[in-house]
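K.L.:
Next comes the structure file model.pdb, holding PDB, C-alpha atoms.
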```pdb
ATOM      1  CA  MET A   1       0.000   0.000   0.000  1.00  0.00           C
ATOM      2  CA  SER A   2       1.464   3.362  -0.968  1.00  0.00           C
ATOM      3  CA  TYR A   3       0.628   6.715   0.530  1.00  0.00           C
ATOM      4  CA  SER A   4      -0.073   9.822  -1.454  1.00  0.00           C
ATOM      5  CA  PRO A   5       1.966  12.935  -0.634  1.00  0.00           C
ATOM      6  CA  ASP A   6      -1.099  14.440   1.068  1.00  0.00           C
ATOM      7  CA  GLU A   7      -1.555  11.393   3.337  1.00  0.00           C
ATOM      8  CA  SER A   8       2.144  11.416   4.218  1.00  0.00           C
ATOM      9  CA  LEU A   9       2.037  15.131   5.068  1.00  0.00           C
ATOM     10  CA  GLU A  10      -1.126  14.671   7.120  1.00  0.00           C
ATOM     11  CA  SER A  11       0.441  11.757   8.998  1.00  0.00           C
ATOM     12  CA  SER A  12       3.584  13.747   9.836  1.00  0.00           C
ATOM     13  CA  LEU A  13       1.482  16.707  11.004  1.00  0.00           C
ATOM     14  CA  VAL A  14      -0.474  14.434  13.354  1.00  0.00           C
ATOM     15  CA  VAL A  15       2.776  13.066  14.800  1.00  0.00           C
ATOM     16  CA  GLU A  16       4.169  16.597  15.246  1.00  0.00           C
ATOM     17  CA  ASN A  17       0.923  17.744  16.851  1.00  0.00           C
ATOM     18  CA  GLU A  18       0.940  14.804  19.290  1.00  0.00           C
ATOM     19  CA  ALA A  19       4.567  15.510  20.217  1.00  0.00           C
ATOM     20  CA  GLY A  20       3.742  19.179  20.732  1.00  0.00           C
ATOM     21  CA  LEU A  21       0.780  18.319  22.949  1.00  0.00           C
ATOM     22  CA  ARG A  22       2.922  15.961  25.053  1.00  0.00           C
ATOM     23  CA  SER A  23       5.552  18.677  25.429  1.00  0.00           C
ATOM     24  CA  LEU A  24       2.900  21.221  26.390  1.00  0.00           C
ATOM     25  CA  GLU A  25       1.336  18.783  28.844  1.00  0.00           C
ATOM     26  CA  HIS A  26       4.758  18.186  30.411  1.00  0.00           C
ATOM     27  CA  GLU A  27       5.329  21.946  30.751  1.00  0.00           C
ATOM     28  CA  VAL A  28       1.931  22.527  32.395  1.00  0.00           C
ATOM     29  CA  LEU A  29       2.441  19.593  34.779  1.00  0.00           C
ATOM     30  CA  GLY A  30       5.821  21.044  35.763  1.00  0.00           C
ATOM     31  CA  LEU A  31       4.214  24.404  36.515  1.00  0.00           C
ATOM     32  CA  HIS A  32       1.451  22.600  38.411  1.00  0.00           C
ATOM     33  CA  ASP A  33       4.021  20.867  40.616  1.00  0.00           C
ATOM     34  CA  GLN A  34       5.844  24.147  41.178  1.00  0.00           C
ATOM     35  CA  LEU A  35       2.861  26.453  41.854  1.00  0.00           C
ATOM     36  CA  ARG A  36      -0.042  24.311  43.097  1.00  0.00           C
ATOM     37  CA  ALA A  37       0.537  24.707  46.851  1.00  0.00           C
ATOM     38  CA  ARG A  38       1.066  28.479  46.587  1.00  0.00           C
ATOM     39  CA  LEU A  39      -2.038  28.945  44.426  1.00  0.00           C
ATOM     40  CA  LEU A  40      -4.072  26.756  46.756  1.00  0.00           C
ATOM     41  CA  ARG A  41      -3.048  28.821  49.805  1.00  0.00           C
ATOM     42  CA  TYR A  42      -3.923  31.988  47.930  1.00  0.00           C
ATOM     43  CA  ALA A  43      -7.360  30.709  46.870  1.00  0.00           C
ATOM     44  CA  VAL A  44      -8.118  29.644  50.454  1.00  0.00           C
ATOM     45  CA  SER A  45      -6.965  33.052  51.706  1.00  0.00           C
ATOM     46  CA  LEU A  46      -9.581  34.604  49.414  1.00  0.00           C
ATOM     47  CA  GLY A  47     -12.313  32.794  51.342  1.00  0.00           C
ATOM     48  CA  LEU A  48     -12.717  29.486  49.529  1.00  0.00           C
ATOM     49  CA  SER A  49     -12.928  26.134  51.257  1.00  0.00           C
ATOM     50  CA  PRO A  50      -9.983  23.830  50.545  1.00  0.00           C
ATOM     51  CA  HIS A  51     -12.257  21.696  48.339  1.00  0.00           C
ATOM     52  CA  ASP A  52     -13.452  24.706  46.309  1.00  0.00           C
ATOM     53  CA  ALA A  53      -9.880  26.003  46.094  1.00  0.00           C
ATOM     54  CA  GLU A  54      -8.799  22.649  44.611  1.00  0.00           C
ATOM     55  CA  ASP A  55     -11.539  22.989  41.985  1.00  0.00           C
ATOM     56  CA  VAL A  56     -10.367  26.506  41.125  1.00  0.00           C
ATOM     57  CA  ILE A  57      -6.735  25.398  40.820  1.00  0.00           C
ATOM     58  CA  GLN A  58      -7.796  22.625  38.458  1.00  0.00           C
ATOM     59  CA  GLU A  59      -9.632  25.198  36.323  1.00  0.00           C
ATOM     60  CA  VAL A  60      -6.565  27.459  36.383  1.00  0.00           C
ATOM     61  CA  PHE A  61      -4.293  24.774  34.951  1.00  0.00           C
ATOM     62  CA  LEU A  62      -6.841  23.787  32.312  1.00  0.00           C
ATOM     63  CA  ALA A  63      -7.012  27.457  31.330  1.00  0.00           C
ATOM     64  CA  LEU A  64      -3.203  27.584  31.276  1.00  0.00           C
ATOM     65  CA  PHE A  65      -3.072  24.569  28.951  1.00  0.00           C
ATOM     66  CA  ARG A  66      -5.578  26.211  26.583  1.00  0.00           C
ATOM     67  CA  HIS A  67      -3.701  29.527  26.827  1.00  0.00           C
ATOM     68  CA  LEU A  68      -0.417  27.918  25.808  1.00  0.00           C
ATOM     69  CA  GLN A  69      -2.030  25.648  23.216  1.00  0.00           C
ATOM     70  CA  ALA A  70      -3.444  28.742  21.511  1.00  0.00           C
ATOM     71  CA  GLY A  71       0.110  30.079  21.224  1.00  0.00           C
ATOM     72  CA  ARG A  72      -0.409  32.973  23.617  1.00  0.00           C
ATOM     73  CA  SER A  73       2.288  34.661  25.666  1.00  0.00           C
ATOM     74  CA  ARG A  74       4.551  32.598  27.896  1.00  0.00           C
ATOM     75  CA  VAL A  75       5.855  35.652  29.732  1.00  0.00           C
ATOM     76  CA  ASN A  76       5.468  35.450  33.530  1.00  0.00           C
ATOM     77  CA  LEU A  77       3.283  32.346  33.680  1.00  0.00           C
ATOM     78  CA  ALA A  78       3.451  32.322  37.491  1.00  0.00           C
ATOM     79  CA  GLY A  79       1.933  35.806  37.603  1.00  0.00           C
ATOM     80  CA  TRP A  80      -0.635  34.754  35.004  1.00  0.00           C
ATOM     81  CA  THR A  81      -1.716  31.753  37.109  1.00  0.00           C
ATOM     82  CA  PHE A  82      -2.056  33.915  40.232  1.00  0.00           C
ATOM     83  CA  ARG A  83      -4.176  36.441  38.323  1.00  0.00           C
ATOM     84  CA  VAL A  84      -6.465  33.696  36.976  1.00  0.00           C
ATOM     85  CA  THR A  85      -6.639  32.101  40.447  1.00  0.00           C
ATOM     86  CA  HIS A  86      -7.590  35.485  41.884  1.00  0.00           C
ATOM     87  CA  ASN A  87     -10.343  36.072  39.336  1.00  0.00           C
ATOM     88  CA  LEU A  88     -11.793  32.550  39.459  1.00  0.00           C
ATOM     89  CA  SER A  89     -11.702  32.478  43.267  1.00  0.00           C
ATOM     90  CA  LEU A  90     -13.558  35.772  43.535  1.00  0.00           C
ATOM     91  CA  LYS A  91     -16.143  34.623  40.983  1.00  0.00           C
ATOM     92  CA  LYS A  92     -16.675  31.376  42.889  1.00  0.00           C
ATOM     93  CA  ARG A  93     -16.935  33.225  46.212  1.00  0.00           C
ATOM     94  CA  ILE A  94     -19.466  35.672  44.781  1.00  0.00           C
ATOM     95  CA  ARG A  95     -21.504  32.799  43.354  1.00  0.00           C
ATOM     96  CA  GLN A  96     -21.561  31.142  46.753  1.00  0.00           C
ATOM     97  CA  ASN A  97     -22.575  34.389  48.483  1.00  0.00           C
ATOM     98  CA  ALA A  98     -19.693  33.973  50.919  1.00  0.00           C
ATOM     99  CA  ASP A  99     -19.066  36.498  53.655  1.00  0.00           C
ATOM    100  CA  VAL A 100     -16.352  38.837  52.296  1.00  0.00           C
ATOM    101  CA  GLY A 101     -15.122  39.836  55.769  1.00  0.00           C
ATOM    102  CA  GLY A 102     -14.909  36.294  57.105  1.00  0.00           C
ATOM    103  CA  THR A 103     -11.841  34.822  58.709  1.00  0.00           C
ATOM    104  CA  ASN A 104     -10.065  31.611  57.984  1.00  0.00           C
ATOM    105  CA  ASP A 105      -8.737  29.911  61.112  1.00  0.00           C
ATOM    106  CA  ASP A 106      -7.068  27.122  59.143  1.00  0.00           C
ATOM    107  CA  LEU A 107      -4.994  29.604  57.128  1.00  0.00           C
ATOM    108  CA  TRP A 108      -3.688  31.310  60.245  1.00  0.00           C
ATOM    109  CA  ALA A 109      -3.010  28.017  61.974  1.00  0.00           C
ATOM    110  CA  SER A 110      -1.007  26.735  59.015  1.00  0.00           C
ATOM    111  CA  HIS A 111       1.297  29.767  59.075  1.00  0.00           C
ATOM    112  CA  LEU A 112       2.025  29.781  62.787  1.00  0.00           C
ATOM    113  CA  GLU A 113       4.163  27.586  64.961  1.00  0.00           C
ATOM    114  CA  SER A 114       3.540  27.055  68.645  1.00  0.00           C
ATOM    115  CA  ALA A 115       5.832  28.848  71.037  1.00  0.00           C
ATOM    116  CA  GLY A 116       6.499  25.475  72.673  1.00  0.00           C
ATOM    117  CA  GLY A 117       8.397  25.865  75.921  1.00  0.00           C
ATOM    118  CA  ASN A 118       6.764  27.193  79.040  1.00  0.00           C
ATOM    119  CA  PRO A 119       3.162  28.347  79.531  1.00  0.00           C
ATOM    120  CA  GLU A 120       4.152  32.006  79.979  1.00  0.00           C
ATOM    121  CA  GLU A 121       5.912  32.114  76.591  1.00  0.00           C
ATOM    122  CA  GLU A 122       2.945  30.389  74.989  1.00  0.00           C
ATOM    123  CA  MET A 123       0.513  32.906  76.521  1.00  0.00           C
ATOM    124  CA  ILE A 124       2.600  35.848  75.267  1.00  0.00           C
ATOM    125  CA  PHE A 125       2.829  34.241  71.832  1.00  0.00           C
ATOM    126  CA  ASN A 126      -0.943  33.687  71.714  1.00  0.00           C
ATOM    127  CA  GLU A 127      -1.653  37.291  72.758  1.00  0.00           C
ATOM    128  CA  ARG A 128       0.689  38.674  70.086  1.00  0.00           C
ATOM    129  CA  HIS A 129      -0.854  36.351  67.516  1.00  0.00           C
ATOM    130  CA  LEU A 130      -4.360  37.532  68.418  1.00  0.00           C
ATOM    131  CA  ILE A 131      -3.352  41.205  68.164  1.00  0.00           C
ATOM    132  CA  LEU A 132      -1.631  40.677  64.802  1.00  0.00           C
ATOM    133  CA  ARG A 133      -4.543  38.669  63.476  1.00  0.00           C
ATOM    134  CA  ARG A 134      -7.099  41.296  64.479  1.00  0.00           C
ATOM    135  CA  THR A 135      -4.963  44.038  62.964  1.00  0.00           C
ATOM    136  CA  PHE A 136      -4.521  42.047  59.741  1.00  0.00           C
ATOM    137  CA  GLU A 137      -8.255  41.332  59.475  1.00  0.00           C
ATOM    138  CA  ALA A 138      -9.032  45.022  60.043  1.00  0.00           C
ATOM    139  CA  LEU A 139      -6.896  46.009  57.039  1.00  0.00           C
ATOM    140  CA  PRO A 140      -8.728  46.874  53.817  1.00  0.00           C
ATOM    141  CA  GLU A 141      -9.073  43.887  51.479  1.00  0.00           C
ATOM    142  CA  VAL A 142      -6.574  45.205  48.919  1.00  0.00           C
ATOM    143  CA  ASP A 143      -3.964  45.607  51.687  1.00  0.00           C
ATOM    144  CA  ARG A 144      -4.522  42.017  52.863  1.00  0.00           C
ATOM    145  CA  LEU A 145      -4.296  40.718  49.287  1.00  0.00           C
ATOM    146  CA  CYS A 146      -1.031  42.593  48.689  1.00  0.00           C
ATOM    147  CA  ILE A 147       0.467  41.070  51.847  1.00  0.00           C
ATOM    148  CA  GLN A 148      -0.736  37.579  50.952  1.00  0.00           C
ATOM    149  CA  LEU A 149       0.662  37.752  47.425  1.00  0.00           C
ATOM    150  CA  ARG A 150       3.961  39.184  48.674  1.00  0.00           C
ATOM    151  CA  ALA A 151       4.140  36.362  51.243  1.00  0.00           C
ATOM    152  CA  GLU A 152       3.782  33.939  48.325  1.00  0.00           C
ATOM    153  CA  GLY A 153       6.945  35.436  46.850  1.00  0.00           C
ATOM    154  CA  LEU A 154       5.431  37.515  44.062  1.00  0.00           C
ATOM    155  CA  LYS A 155       7.170  40.673  42.890  1.00  0.00           C
ATOM    156  CA  TYR A 156       5.506  44.072  43.166  1.00  0.00           C
ATOM    157  CA  ARG A 157       4.906  44.158  39.397  1.00  0.00           C
ATOM    158  CA  GLU A 158       3.186  40.751  39.506  1.00  0.00           C
ATOM    159  CA  ILE A 159       1.000  41.844  42.427  1.00  0.00           C
ATOM    160  CA  ALA A 160       0.049  45.006  40.531  1.00  0.00           C
ATOM    161  CA  GLU A 161      -0.973  42.972  37.471  1.00  0.00           C
ATOM    162  CA  ILE A 162      -2.989  40.450  39.496  1.00  0.00           C
ATOM    163  CA  LEU A 163      -4.891  43.074  41.481  1.00  0.00           C
ATOM    164  CA  GLY A 164      -5.162  45.600  38.649  1.00  0.00           C
ATOM    165  CA  ILE A 165      -3.469  48.401  40.584  1.00  0.00           C
ATOM    166  CA  SER A 166      -0.389  50.509  39.941  1.00  0.00           C
ATOM    167  CA  LEU A 167       3.108  49.506  40.989  1.00  0.00           C
ATOM    168  CA  GLY A 168       3.242  52.534  43.290  1.00  0.00           C
ATOM    169  CA  GLY A 169      -0.089  51.483  44.773  1.00  0.00           C
ATOM    170  CA  VAL A 170       1.342  48.091  45.706  1.00  0.00           C
ATOM    171  CA  ALA A 171       4.314  49.747  47.405  1.00  0.00           C
ATOM    172  CA  ASN A 172       2.020  52.141  49.295  1.00  0.00           C
ATOM    173  CA  TYR A 173      -0.419  49.421  50.398  1.00  0.00           C
ATOM    174  CA  LEU A 174       2.404  47.202  51.639  1.00  0.00           C
ATOM    175  CA  SER A 175       4.219  50.017  53.411  1.00  0.00           C
ATOM    176  CA  ARG A 176       1.052  51.219  55.120  1.00  0.00           C
ATOM    177  CA  SER A 177      -0.023  47.687  56.076  1.00  0.00           C
ATOM    178  CA  PHE A 178       3.331  46.618  57.466  1.00  0.00           C
ATOM    179  CA  GLY A 179       3.452  49.878  59.427  1.00  0.00           C
ATOM    180  CA  ARG A 180       0.077  49.099  60.999  1.00  0.00           C
ATOM    181  CA  LEU A 181       1.177  45.574  61.845  1.00  0.00           C
ATOM    182  CA  ARG A 182       4.407  46.858  63.442  1.00  0.00           C
ATOM    183  CA  ARG A 183       2.502  49.444  65.484  1.00  0.00           C
ATOM    184  CA  SER A 184       0.036  46.811  66.683  1.00  0.00           C
ATOM    185  CA  GLU A 185       2.973  44.895  68.143  1.00  0.00           C
ATOM    186  CA  GLY A 186       4.347  48.010  69.782  1.00  0.00           C
ATOM    187  CA  GLY A 187       7.143  48.287  67.240  1.00  0.00           C
ATOM    188  CA  GLU A 188       8.488  51.418  65.651  1.00  0.00           C
ATOM    189  CA  THR A 189       7.015  52.813  62.438  1.00  0.00           C
TER
END
```
Let me see the structure of the file written as structure tokens.

P.N.:
Amino acid sequence: MSYSPDESLESSLVVENEAGLRSLEHEVLGLHDQLRARLLRYAVSLGLSPHDAEDVIQEVFLALFRHLQAGRSRVNLAGWTFRVTHNLSLKKRIRQNADVGGTNDDLWASHLESAGGNPEEEMIFNERHLILRRTFEALPEVDRLCIQLRAEGLKYREIAEILGISLGGVANYLSRSFGRLRRSEGGET
């Protein structure tokens, strides 16, 4: 059986396409391994349950696959995934009619370590934690989001893109917020 030139070309294009898809899949899985935990923490910090956050992260990586498959920009994919996580998390939270000002005890617990040692040290630690937590929760939402994204290791420019604010705005929000947190602990401004 002989193949016409068109069949041969079509066959080679299918093979190339399959190889390209495998390469793309490998790239997205690598980014998933690298960013999943950070994106999950961020989605939970926006008020989603861990289960809902997992769903959002799955949607984010499907969107990333489609984004790359369409040949779109590969510049700053980490920032892109945080921005999509932000948008999808807020949409999901709005759909669920979640309380915007709510707190998330699990998030705070996961970021803190016990003072260990003696009961007096533990009491002092718990009091400081409570003061910091109340101060953090009293911050405007954009301030809290800036701190959370910065804690995830994002650069000011990436935070600005995700939140849709200026670079100077990010610097101002962070400076003001960290100042409030320092003052709440009795530190200098």

K.L.:
Which residues, written as a compact mmCIF listing (two decimals) with C-alpha atoms, in the coordinates of the input, have at least one atom at most 12 Å from region 26-40 of chain A, with all atoms listed in the file counted and residues fewer than 2 positions away on the same chain left out?

P.N.:
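Printed below is out_1.txt as written:
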```
# COMPACT_ATOMS: atom_id res chain seq x y z
CA ALA A 19 4.57 15.51 20.22
CA GLY A 20 3.74 19.18 20.73
CA LEU A 21 0.78 18.32 22.95
CA ARG A 22 2.92 15.96 25.05
CA SER A 23 5.55 18.68 25.43
CA LEU A 24 2.90 21.22 26.39
CA TYR A 42 -3.92 31.99 47.93
CA ALA A 43 -7.36 30.71 46.87
CA VAL A 44 -8.12 29.64 50.45
CA SER A 45 -6.96 33.05 51.71
CA LEU A 46 -9.58 34.60 49.41
CA GLY A 47 -12.31 32.79 51.34
CA LEU A 48 -12.72 29.49 49.53
CA SER A 49 -12.93 26.13 51.26
CA PRO A 50 -9.98 23.83 50.54
CA HIS A 51 -12.26 21.70 48.34
CA ASP A 52 -13.45 24.71 46.31
CA ALA A 53 -9.88 26.00 46.09
CA GLU A 54 -8.80 22.65 44.61
CA ASP A 55 -11.54 22.99 41.98
CA VAL A 56 -10.37 26.51 41.12
CA ILE A 57 -6.74 25.40 40.82
CA GLN A 58 -7.80 22.62 38.46
CA GLU A 59 -9.63 25.20 36.32
CA VAL A 60 -6.56 27.46 36.38
CA PHE A 61 -4.29 24.77 34.95
CA LEU A 62 -6.84 23.79 32.31
CA ALA A 63 -7.01 27.46 31.33
CA LEU A 64 -3.20 27.58 31.28
CA PHE A 65 -3.07 24.57 28.95
CA ARG A 66 -5.58 26.21 26.58
CA HIS A 67 -3.70 29.53 26.83
CA LEU A 68 -0.42 27.92 25.81
CA GLN A 69 -2.03 25.65 23.22
CA ARG A 74 4.55 32.60 27.90
CA ASN A 76 5.47 35.45 33.53
CA LEU A 77 3.28 32.35 33.68
CA ALA A 78 3.45 32.32 37.49
CA GLY A 79 1.93 35.81 37.60
CA TRP A 80 -0.64 34.75 35.00
CA THR A 81 -1.72 31.75 37.11
CA PHE A 82 -2.06 33.92 40.23
CA ARG A 83 -4.18 36.44 38.32
CA VAL A 84 -6.46 33.70 36.98
CA THR A 85 -6.64 32.10 40.45
CA HIS A 86 -7.59 35.48 41.88
CA LEU A 88 -11.79 32.55 39.46
CA SER A 89 -11.70 32.48 43.27
CA LEU A 107 -4.99 29.60 57.13
CA GLN A 148 -0.74 37.58 50.95
CA LEU A 149 0.66 37.75 47.42
CA ARG A 150 3.96 39.18 48.67
CA ALA A 151 4.14 36.36 51.24
CA GLU A 152 3.78 33.94 48.32
CA GLY A 153 6.94 35.44 46.85
CA LEU A 154 5.43 37.52 44.06
```

K.L.:
What is the distance between CA of Asn87 (chain A) and CA of Ala160 (chain A), in Å to one decimal?

P.N.:
13.8 Å

K.L.:
Written as a VMD selection string, what is the full residue list that the PyMOL selection byres ((chain A and resi 162-177) around 7) yields on the file shown?

P.N.:
chain A and resid 82 to 83 143 146 to 147 156 to 161 178 to 181

K.L.:
Can you give me, as a list in words, the residues this file yields under the PyMOL selection byres ((chain A and resi 138) around 12)?

P.N.:
Gly101, Gly102, Thr103, Ile131, Leu132, Arg133, Arg134, Thr135, Phe136, Glu137, Leu139, Pro140, Glu141, Val142, Asp143, Arg144, Ser177, Arg180, Leu181 and Ser184 of chain A

K.L.:
What does the distance from CA of Arg41 (chain A) to CA of His129 (chain A) come to in Å, to one decimal?

P.N.:
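Value for the CA of Arg41 (chain A)-CA of His129 (chain A) distance: 19.4 Å.
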
K.L.:
Kindly give the distance, in Å, that separates CA of Glu185 (chain A) and CA of Glu127 (chain A), rounded to a single decimal.

P.N.:
10.0 Å

K.L.:
Around all the atoms of region 88-96 of chain A listed in the file, draw an axis-aligned box and extend it by 4 Å on each of the six sides; I want its centre and edge lengths in Å to one decimal, as AutoDock Vina command-line options.

P.N.:
```
--center_x -16.6 --center_y 33.5 --center_z 43.1 --size_x 17.9 --size_y 12.6 --size_z 15.3
```

K.L.:
Considering all atoms listed in the file, state which residue in the set A:Leu90, A:Ile124, A:Val75, A:Leu130 is at the smallest distance from Leu145 (chain A).

P.N.:
A:Leu90
